[in-house]
Every structure is written in structure tokens, then in C-alpha cells.
Amino acid sequence: MTVTREVALGEISDILLPNGKTLGETDIVRAMTVEAGTVRFVLEVADADAARALAPVEAEARRRLQALEGVETVRIVMTAPAGRPEPAKTSGEGAAPSLKVGRHPTAQAGPQPVPGVRHIIAIGSGKGGVGKSTVTSNLAVALAKAGRRVGVLDADIYGPSQPRMLGVSGRPASPDGQRIEPMHAHGVTMMSIGLMLKEGEAVVWRGPMLMGALQQLLQQVNWGELDVLLIDLPPGTGDVQLSLCQKAAVSGALIVSTPQDVALLDARRAIDMFNKLKTPVLGLIENMSTYVCPSCGHEAHLFGHGGVAAEAQALGLPFLGELPLQLDVRLAGDSGRPVALGDGPAAQAYARLAERMVQGGVA
Ligand SMILES: Nc1ncnc2c1ncn2[C@@H]1O[C@H](COP(=O)(O)OP(=O)(O)OP(=O)(O)O)[C@@H](O)[C@H]1O
């Protein structure tokens, strides 16, 4: 028997949830696809606690689907939507927030949605220089080309590179002195901590000041209605990652790595951190995968090849795709016009990645 989407849905529909209803009676199974022996779907849950409570349901669904003849792999991703828009505060409601970035955070109860933003996705890496910012800007452009309303928040406090990569400069305006107007480039709404700092200013914030700055960028910027907000994190597993997952209702994280063992080792640490923070890891991306010589067309694997896919398989996480190492990618990034704006092989790889995210219901 060929396993179809209907067969797979039928197989798991009578699994009981903690609330006494069955999976079939609730509307939390999203974006199911059955393709070449792989069943993929998203379990949309309210928050991290609900995700924890559904762990046995996920395990049972995986067990049943894996037992079906012809099914080799089952990929289930749990996501928590970032919530629906709340009306923005107008002047007169409470104290006017200061526009000086880097203040102490205001008290808040748990992770907050960003008004108007459906999904918040953190883009992380264990190691610096693996192309996390390049992936963020190109993925944003590819998602915008696919018709999604996309934002980029450059939270790489120690080396903000989105202004350069997206070709944005100048200081963001605040007509009412309370809310910050984001910048726009290539169909993407963007804001970077780099735009709020004076040129050449060194950033020495730690802990609480970082939290305050992040909170401001999330809550004080007029993001408008967005399908997805991509957050370019600093590399590693530090205060910004911690603050972000504690302060914002992050739907999930994407991990960028090169195929080298040393980068993978760091990527594993980043995954471990997101697991501890109860932020679902939506998948792994291999950057700087294949190098095609622009002169002779020879294909080489400068940093190895396939390591990230193997790691994803070992960890039971989705492998979202590989992105070529290409001179054009760097030149385009340096010129402020991401390569995804074009239609060459790198742009096509980004379009596939964007498509997978849309199909997976996370963008
Ligand atoms: N696939 C690629 N092909 C060619 N060059 C690339 C590719 N990906 C990234 N680069 C280049 O590598 C350099 C580092 O990339 P990027 O700044 O995106 O990395 P990062 O992981 O965000 O680094 P950081 O740790 O500094 O935040 C940049 O000059 C970028 O243009």
C-alpha cells in the first residue's frame, strides 16, 4: 500500500491528547507532506509548556508512522505561533519609552509575542563566520520573493552586519518620539542594533542591558504585520540567545553550520542550548557546501560535504538544505544586494529553502 497524506493522517488521528481529545479532533497537525518515504508535519502548540505536554503524543505519532510500510523517516516539528497582533500603545498610555538603546529591561511575565508578527525565527550558529548573517539576509529576500511579509532583526550586538548586507544606512526615525520606524530594503522590513549606535561605538553591554536593548528592538519598533521575523543572532550560546528565548515567543530556531567537524561540534552546542531553552530547533542548514569554480566549472568540497545532513539525521532534526560556496554570494552581501535577488544557483537554493519553510508552516 502506498502511504498517502490521508493514510498518514488517518493513522495518527485517534491518538489521545492530554486534554482528552484526539489528534483528529483538534487542529494542530499542520503542513503534512508524504514524499519519497518521508512523512513531515508541524504540531502547532500554544507554548513551550504545551510542547512538553505533547511529547508523548509526538512519540506515539512517530512510532505509528514509522511502522507503516514504505515510511523510512518521520520528521515532526513542534512550533508555537508568536500570537496575534495587539494594538500598539498610543501616546498618553503609560510613560513614553526612552529611545536610548541599552536601558534596563522592564519586567514582563515570560516570553511575549511581538504585536503583528506571526512567527519569530532565530537564526543561530555555534561558531562565528559560518554565514549566519548571509543566510538570514538571503532567506529574508527569498521569502519576500515568495510573497511572505518578512522582517529581519539584526541582534548580532557585537558585529551587526545586516545594514551592509541589505544595503541600509542612516538612523531610523521616530516621528512620535515613542516608536521606532524600521527600515525597508528589497521587500524586507529591517532593524539593526547597528543603526542605533554611533559609528565606531564599541558595545560593552552585558546581561541586563542587552536584555533591555533586545526588548526595545522587539517591542518598540513598528514592525507592522509580518508573517515571519528572522532574528540574526550573534554566534555562540551567550546572553543574547538566552534573553531572546526568555523575552520573546520564539517559534523556533534554524542552525547554520559549515560541514567541518569543528563547526558541527559548535553547532551541536547551539542545538543543545535551544533544547534547554525549550525553543524547537526547526532544522539545520549547510552553508559553504559545494564550491563550483567560476572558470572551469570544477566542483570541490572545501570544507567537506554532507556533514550537516548526517548530523541532522543523527539528531533526528530536519535537514533544510545546502547552500553553495560562491564568490557571488560574498560580493552580493558586501554590495547590499543579496544574491537571492537574482536567479542563479545560489538564489535557487535560497528559493528552495524559503519554499520548505512556507510548506512547513513556519513562514
Ligand atoms: N555561501 C557563501 N559563499 C561565499 N561567501 C560566503 C558564503 N556565506 C558567507 N560568506 C561570506 O563569509 C563571510 C562571513 O559570513 P557571515 O558574516 O554571514 O557569517 P556569520 O556567521 O554571520 O559571522 P559572524 O560570526 O561574524 O556573525 C562574509 O564575508 C560572507 O560574505
# chains A, B, ... in the order shown; residues from 1 in each chain; ligands from 1

call {"tool": "residues_near_ligand", "arguments": {"ligand": "ligand 1", "cutoff": "10 Å", "atoms": "only C-alpha atoms and all ligand atoms", "output": "PyMOL selection string"}}
result
chain A and resi 123-138+154-162+165+232-236+256-258+286-291+322-335+338-339+346

call {"tool": "closest_atom_pairs", "arguments": {"of": "region 107-127 of chain A", "to": "region 216-227 of chain A", "cutoff": "6 Å", "atoms": "only C-alpha atoms", "output": "CSV"}}
result
residue,atom,partner,partner_atom,distance
A:Gly116,CA,A:Glu225,CA,4.5
A:Val117,CA,A:Leu226,CA,4.7
A:Arg118,CA,A:Asp227,CA,5.1

call {"tool": "select_by_dssp", "arguments": {"residues": "region 96-340 of chain A", "states": "strand (DSSP E)", "output": "number ranges by chain"}}
result
A: 117-124, 150-154, 183-185, 188-192, 226-232, 252-257, 281-286, 291-292, 299-300, 319-322

call {"tool": "residues_around", "arguments": {"residues": "region 189-191 of chain A", "least_positions_apart": "4", "cutoff": "7 Å", "atoms": "only C-alpha atoms", "output": "ChimeraX atom specification"}}
result
/A:150-154,182-185

call {"tool": "write_last_selection", "arguments": {"atoms": "C-alpha atoms", "output": "mmCIF file, in the first residue's frame"}}
result
data_model
loop_
_atom_site.group_PDB
_atom_site.id
_atom_site.type_symbol
_atom_site.label_atom_id
_atom_site.label_comp_id
_atom_site.auth_asym_id
_atom_site.auth_seq_id
_atom_site.Cartn_x
_atom_site.Cartn_y
_atom_site.Cartn_z
ATOM 1 C CA VAL A 150 9.280 39.347 6.223
ATOM 2 C CA GLY A 151 11.257 41.231 8.836
ATOM 3 C CA VAL A 152 14.891 40.949 9.875
ATOM 4 C CA LEU A 153 16.071 41.937 13.329
ATOM 5 C CA ASP A 154 19.841 42.087 13.491
ATOM 6 C CA PRO A 182 12.061 50.218 10.803
ATOM 7 C CA MET A 183 13.981 50.453 7.521
ATOM 8 C CA HIS A 184 12.956 48.712 4.293
ATOM 9 C CA ALA A 185 15.103 47.078 1.622
#

call {"tool": "atom_distance", "arguments": {"atom1": "CA of Thr22 (chain A)", "atom2": "CA of Glu69 (chain A)"}}
result
23.7 Å

call {"tool": "closest_residue", "arguments": {"among": "A:Ala140, A:Val362, A:Ala51, A:Ile121", "to": "Gln241 (chain A)", "atoms": "only C-alpha atoms"}}
result
A:Ile121

call {"tool": "select_by_dssp", "arguments": {"residues": "region 185-258 of chain A", "states": "alpha helix (DSSP H)", "output": "JSON, numbers by chain"}}
result
{"A": [193, 194, 195, 196, 207, 208, 209, 210, 211, 212, 213, 214, 215, 216, 217, 218, 219, 239, 240, 241, 242, 243, 244, 245, 246, 247]}

call {"tool": "atom_distance", "arguments": {"atom1": "CA of Val39 (chain A)", "atom2": "CA of Val74 (chain A)"}}
result
4.9 Å

call {"tool": "residues_around", "arguments": {"residues": "region 9-11 of chain A", "least_positions_apart": "6", "cutoff": "12 Å", "atoms": "only C-alpha atoms", "output": "PDB file with N, CA and C atoms, in the first residue's frame"}}
result
ATOM      1  N   VAL A   3       1.716   4.879   1.036  1.00  0.00           N
ATOM      2  CA  VAL A   3       1.274   5.768   2.116  1.00  0.00           C
ATOM      3  C   VAL A   3       1.029   7.157   1.534  1.00  0.00           C
ATOM      4  N   THR A  22      -8.828  13.766  20.689  1.00  0.00           N
ATOM      5  CA  THR A  22      -7.862  13.056  19.848  1.00  0.00           C
ATOM      6  C   THR A  22      -7.211  14.048  18.886  1.00  0.00           C
ATOM      7  N   LEU A  23      -6.097  13.608  18.297  1.00  0.00           N
ATOM      8  CA  LEU A  23      -5.399  14.470  17.323  1.00  0.00           C
ATOM      9  C   LEU A  23      -6.341  14.859  16.181  1.00  0.00           C
ATOM     10  N   GLY A  24      -7.163  13.885  15.774  1.00  0.00           N
ATOM     11  CA  GLY A  24      -8.092  14.132  14.666  1.00  0.00           C
ATOM     12  C   GLY A  24      -9.143  15.191  15.001  1.00  0.00           C
ATOM     13  N   GLU A  25      -9.446  15.321  16.288  1.00  0.00           N
ATOM     14  CA  GLU A  25     -10.497  16.283  16.681  1.00  0.00           C
ATOM     15  C   GLU A  25      -9.949  17.701  16.861  1.00  0.00           C
ATOM     16  N   ASP A  27      -7.078  20.872  15.765  1.00  0.00           N
ATOM     17  CA  ASP A  27      -6.491  21.401  14.534  1.00  0.00           C
ATOM     18  C   ASP A  27      -5.034  21.788  14.780  1.00  0.00           C
ATOM     19  N   ILE A  28      -4.230  20.780  15.179  1.00  0.00           N
ATOM     20  CA  ILE A  28      -2.837  21.167  15.479  1.00  0.00           C
ATOM     21  C   ILE A  28      -1.835  20.499  14.539  1.00  0.00           C
ATOM     22  N   VAL A  29      -2.320  19.572  13.698  1.00  0.00           N
ATOM     23  CA  VAL A  29      -1.398  18.965  12.725  1.00  0.00           C
ATOM     24  C   VAL A  29      -1.407  19.851  11.479  1.00  0.00           C
ATOM     25  N   ARG A  30      -0.252  20.404  11.145  1.00  0.00           N
ATOM     26  CA  ARG A  30      -0.165  21.351  10.024  1.00  0.00           C
ATOM     27  C   ARG A  30       0.849  20.881   8.996  1.00  0.00           C
ATOM     28  N   ALA A  31       0.601  21.283   7.760  1.00  0.00           N
ATOM     29  CA  ALA A  31       1.569  21.160   6.664  1.00  0.00           C
ATOM     30  C   ALA A  31       2.105  19.743   6.509  1.00  0.00           C
ATOM     31  N   MET A  32       1.221  18.734   6.586  1.00  0.00           N
ATOM     32  CA  MET A  32       1.732  17.369   6.435  1.00  0.00           C
ATOM     33  C   MET A  32       2.047  17.082   4.970  1.00  0.00           C
ATOM     34  N   THR A  33       3.222  16.515   4.741  1.00  0.00           N
ATOM     35  CA  THR A  33       3.567  16.057   3.386  1.00  0.00           C
ATOM     36  C   THR A  33       4.107  14.637   3.494  1.00  0.00           C
ATOM     37  N   VAL A  34       3.875  13.843   2.445  1.00  0.00           N
ATOM     38  CA  VAL A  34       4.453  12.495   2.369  1.00  0.00           C
ATOM     39  C   VAL A  34       5.192  12.439   1.040  1.00  0.00           C
ATOM     40  N   VAL A  39       7.612  11.253   5.978  1.00  0.00           N
ATOM     41  CA  VAL A  39       6.399  11.956   6.405  1.00  0.00           C
ATOM     42  C   VAL A  39       6.846  13.148   7.249  1.00  0.00           C
ATOM     43  N   ARG A  40       6.374  14.345   6.896  1.00  0.00           N
ATOM     44  CA  ARG A  40       6.757  15.542   7.642  1.00  0.00           C
ATOM     45  C   ARG A  40       5.495  16.296   8.060  1.00  0.00           C
ATOM     46  N   PHE A  41       5.498  16.795   9.262  1.00  0.00           N
ATOM     47  CA  PHE A  41       4.422  17.722   9.621  1.00  0.00           C
ATOM     48  C   PHE A  41       4.803  18.552  10.836  1.00  0.00           C
ATOM     49  N   GLU A  60       4.315   8.872  20.024  1.00  0.00           N
ATOM     50  CA  GLU A  60       3.377   7.838  19.559  1.00  0.00           C
ATOM     51  C   GLU A  60       3.111   8.006  18.052  1.00  0.00           C
ATOM     52  N   ALA A  61       2.959   9.269  17.615  1.00  0.00           N
ATOM     53  CA  ALA A  61       2.723   9.522  16.181  1.00  0.00           C
ATOM     54  C   ALA A  61       3.920   9.033  15.371  1.00  0.00           C
ATOM     55  N   ARG A  62       5.110   9.332  15.881  1.00  0.00           N
ATOM     56  CA  ARG A  62       6.330   8.904  15.194  1.00  0.00           C
ATOM     57  C   ARG A  62       6.382   7.380  15.101  1.00  0.00           C
ATOM     58  N   ARG A  63       6.057   6.700  16.243  1.00  0.00           N
ATOM     59  CA  ARG A  63       6.121   5.241  16.290  1.00  0.00           C
ATOM     60  C   ARG A  63       5.152   4.634  15.275  1.00  0.00           C
ATOM     61  N   ARG A  64       3.913   5.150  15.260  1.00  0.00           N
ATOM     62  CA  ARG A  64       2.896   4.583  14.362  1.00  0.00           C
ATOM     63  C   ARG A  64       3.269   4.800  12.893  1.00  0.00           C
ATOM     64  N   LEU A  65       3.736   6.007  12.584  1.00  0.00           N
ATOM     65  CA  LEU A  65       4.037   6.318  11.177  1.00  0.00           C
ATOM     66  C   LEU A  65       5.246   5.520  10.700  1.00  0.00           C
ATOM     67  N   GLN A  66       6.226   5.380  11.608  1.00  0.00           N
ATOM     68  CA  GLN A  66       7.422   4.646  11.226  1.00  0.00           C
ATOM     69  C   GLN A  66       7.112   3.172  10.965  1.00  0.00           C
ATOM     70  N   ALA A  67       6.054   2.662  11.613  1.00  0.00           N
ATOM     71  CA  ALA A  67       5.686   1.246  11.451  1.00  0.00           C
ATOM     72  C   ALA A  67       5.000   0.999  10.101  1.00  0.00           C
ATOM     73  N   LEU A  68       4.582   2.059   9.415  1.00  0.00           N
ATOM     74  CA  LEU A  68       3.902   1.876   8.122  1.00  0.00           C
ATOM     75  C   LEU A  68       4.912   1.445   7.061  1.00  0.00           C
TER      76      LEU A  68
END

call {"tool": "closest_residue", "arguments": {"among": "A:Leu284, A:Ile255, A:Asp343, A:Ala263", "to": "Gln313 (chain A)", "atoms": "only C-alpha atoms"}}
result
A:Leu284

call {"tool": "closest_residue", "arguments": {"among": "A:Ser169, A:Gln112, A:Gln260, A:Ser251", "to": "Leu282 (chain A)", "atoms": "only C-alpha atoms"}}
result
A:Ser251

call {"tool": "decode", "arguments": {"residues": "region 139-180 of chain A", "atoms": "N, CA and C atoms", "output": "mmCIF file, in the first residue's frame"}}
result
data_model
loop_
_atom_site.group_PDB
_atom_site.id
_atom_site.type_symbol
_atom_site.label_atom_id
_atom_site.label_comp_id
_atom_site.auth_asym_id
_atom_site.auth_seq_id
_atom_site.Cartn_x
_atom_site.Cartn_y
_atom_site.Cartn_z
ATOM 1 N N LEU A 139 17.738 34.521 2.988
ATOM 2 C CA LEU A 139 16.484 33.821 3.252
ATOM 3 C C LEU A 139 15.337 34.826 3.329
ATOM 4 N N ALA A 140 15.607 35.974 3.948
ATOM 5 C CA ALA A 140 14.574 37.021 4.050
ATOM 6 C C ALA A 140 14.150 37.462 2.655
ATOM 7 N N VAL A 141 15.113 37.702 1.779
ATOM 8 C CA VAL A 141 14.802 38.145 0.416
ATOM 9 C C VAL A 141 14.034 37.041 -0.323
ATOM 10 N N ALA A 142 14.481 35.787 -0.157
ATOM 11 C CA ALA A 142 13.808 34.672 -0.850
ATOM 12 C C ALA A 142 12.367 34.527 -0.351
ATOM 13 N N LEU A 143 12.154 34.705 0.943
ATOM 14 C CA LEU A 143 10.786 34.614 1.485
ATOM 15 C C LEU A 143 9.933 35.775 0.970
ATOM 16 N N ALA A 144 10.540 36.965 0.868
ATOM 17 C CA ALA A 144 9.802 38.128 0.343
ATOM 18 C C ALA A 144 9.430 37.869 -1.119
ATOM 19 N N LYS A 145 10.368 37.268 -1.878
ATOM 20 C CA LYS A 145 10.069 36.957 -3.284
ATOM 21 C C LYS A 145 8.937 35.936 -3.383
ATOM 22 N N ALA A 146 8.836 35.074 -2.359
ATOM 23 C CA ALA A 146 7.763 34.065 -2.345
ATOM 24 C C ALA A 146 6.447 34.655 -1.828
ATOM 25 N N GLY A 147 6.432 35.971 -1.604
ATOM 26 C CA GLY A 147 5.183 36.636 -1.238
ATOM 27 C C GLY A 147 4.928 36.741 0.255
ATOM 28 N N ARG A 148 5.930 36.378 1.081
ATOM 29 C CA ARG A 148 5.716 36.484 2.528
ATOM 30 C C ARG A 148 6.089 37.886 3.007
ATOM 31 N N ARG A 149 5.464 38.307 4.097
ATOM 32 C CA ARG A 149 5.814 39.595 4.717
ATOM 33 C C ARG A 149 6.902 39.294 5.749
ATOM 34 N N VAL A 150 8.101 39.778 5.461
ATOM 35 C CA VAL A 150 9.280 39.347 6.223
ATOM 36 C C VAL A 150 9.967 40.508 6.919
ATOM 37 N N GLY A 151 10.431 40.259 8.130
ATOM 38 C CA GLY A 151 11.257 41.231 8.836
ATOM 39 C C GLY A 151 12.578 40.590 9.233
ATOM 40 N N VAL A 152 13.605 41.425 9.361
ATOM 41 C CA VAL A 152 14.891 40.949 9.875
ATOM 42 C C VAL A 152 15.270 41.830 11.050
ATOM 43 N N LEU A 153 15.530 41.205 12.183
ATOM 44 C CA LEU A 153 16.071 41.937 13.329
ATOM 45 C C LEU A 153 17.509 41.471 13.525
ATOM 46 N N ASP A 154 18.414 42.400 13.342
ATOM 47 C CA ASP A 154 19.841 42.087 13.491
ATOM 48 C C ASP A 154 20.197 42.257 14.961
ATOM 49 N N ALA A 155 20.261 41.135 15.656
ATOM 50 C CA ALA A 155 20.562 41.176 17.088
ATOM 51 C C ALA A 155 22.010 40.780 17.358
ATOM 52 N N ASP A 156 22.824 40.808 16.292
ATOM 53 C CA ASP A 156 24.236 40.483 16.461
ATOM 54 C C ASP A 156 24.918 41.722 17.049
ATOM 55 N N ILE A 157 24.730 41.850 18.354
ATOM 56 C CA ILE A 157 25.136 43.048 19.085
ATOM 57 C C ILE A 157 26.623 43.352 18.876
ATOM 58 N N TYR A 158 27.426 42.302 18.758
ATOM 59 C CA TYR A 158 28.877 42.527 18.691
ATOM 60 C C TYR A 158 29.388 42.740 17.271
ATOM 61 N N GLY A 159 28.590 42.444 16.276
ATOM 62 C CA GLY A 159 29.062 42.660 14.898
ATOM 63 C C GLY A 159 27.886 42.741 13.950
ATOM 64 N N PRO A 160 27.024 43.779 14.129
ATOM 65 C CA PRO A 160 25.819 43.844 13.280
ATOM 66 C C PRO A 160 26.184 44.014 11.802
ATOM 67 N N SER A 161 25.790 43.077 10.949
ATOM 68 C CA SER A 161 26.184 43.183 9.538
ATOM 69 C C SER A 161 25.000 43.309 8.593
ATOM 70 N N GLN A 162 23.759 43.291 9.120
ATOM 71 C CA GLN A 162 22.605 43.388 8.214
ATOM 72 C C GLN A 162 22.521 44.722 7.481
ATOM 73 N N PRO A 163 22.883 45.871 8.098
ATOM 74 C CA PRO A 163 22.822 47.110 7.324
ATOM 75 C C PRO A 163 23.665 47.000 6.044
ATOM 76 N N ARG A 164 24.874 46.450 6.154
ATOM 77 C CA ARG A 164 25.725 46.301 4.978
ATOM 78 C C ARG A 164 25.124 45.283 4.007
ATOM 79 N N MET A 165 24.699 44.129 4.548
ATOM 80 C CA MET A 165 24.224 43.060 3.656
ATOM 81 C C MET A 165 22.929 43.417 2.933
ATOM 82 N N LEU A 166 22.071 44.212 3.602
ATOM 83 C CA LEU A 166 20.809 44.590 2.954
ATOM 84 C C LEU A 166 20.899 45.986 2.332
ATOM 85 N N GLY A 167 22.074 46.620 2.452
ATOM 86 C CA GLY A 167 22.269 47.914 1.819
ATOM 87 C C GLY A 167 21.478 49.032 2.471
ATOM 88 N N VAL A 168 21.444 49.044 3.803
ATOM 89 C CA VAL A 168 20.659 50.056 4.525
ATOM 90 C C VAL A 168 21.598 50.926 5.358
ATOM 91 N N SER A 169 21.376 52.230 5.330
ATOM 92 C CA SER A 169 22.174 53.095 6.206
ATOM 93 C C SER A 169 21.271 54.210 6.744
ATOM 94 N N GLY A 170 21.805 55.012 7.619
ATOM 95 C CA GLY A 170 21.015 56.105 8.211
ATOM 96 C C GLY A 170 20.426 55.687 9.538
ATOM 97 N N ARG A 171 19.941 56.679 10.279
ATOM 98 C CA ARG A 171 19.390 56.395 11.605
ATOM 99 C C ARG A 171 17.873 56.289 11.493
ATOM 100 N N PRO A 172 17.288 55.244 12.059
ATOM 101 C CA PRO A 172 15.837 55.081 11.964
ATOM 102 C C PRO A 172 15.091 56.257 12.610
ATOM 103 N N ALA A 173 13.969 56.641 12.005
ATOM 104 C CA ALA A 173 13.207 57.790 12.509
ATOM 105 C C ALA A 173 12.239 57.363 13.605
ATOM 106 N N SER A 174 11.826 58.337 14.396
ATOM 107 C CA SER A 174 10.793 58.098 15.397
ATOM 108 C C SER A 174 9.893 59.326 15.433
ATOM 109 N N PRO A 175 8.941 59.418 14.489
ATOM 110 C CA PRO A 175 8.112 60.634 14.375
ATOM 111 C C PRO A 175 7.385 60.989 15.665
ATOM 112 N N ASP A 176 6.916 59.991 16.419
ATOM 113 C CA ASP A 176 6.179 60.322 17.644
ATOM 114 C C ASP A 176 7.062 60.284 18.883
ATOM 115 N N GLY A 177 8.340 60.047 18.684
ATOM 116 C CA GLY A 177 9.253 60.023 19.831
ATOM 117 C C GLY A 177 9.061 58.806 20.726
ATOM 118 N N GLN A 178 8.222 57.896 20.313
ATOM 119 C CA GLN A 178 7.955 56.717 21.155
ATOM 120 C C GLN A 178 8.277 55.409 20.431
ATOM 121 N N ARG A 179 7.793 55.316 19.190
ATOM 122 C CA ARG A 179 8.007 54.090 18.431
ATOM 123 C C ARG A 179 9.097 54.352 17.403
ATOM 124 N N ILE A 180 9.834 53.296 17.051
ATOM 125 C CA ILE A 180 10.921 53.432 16.081
ATOM 126 C C ILE A 180 10.441 52.890 14.736
#
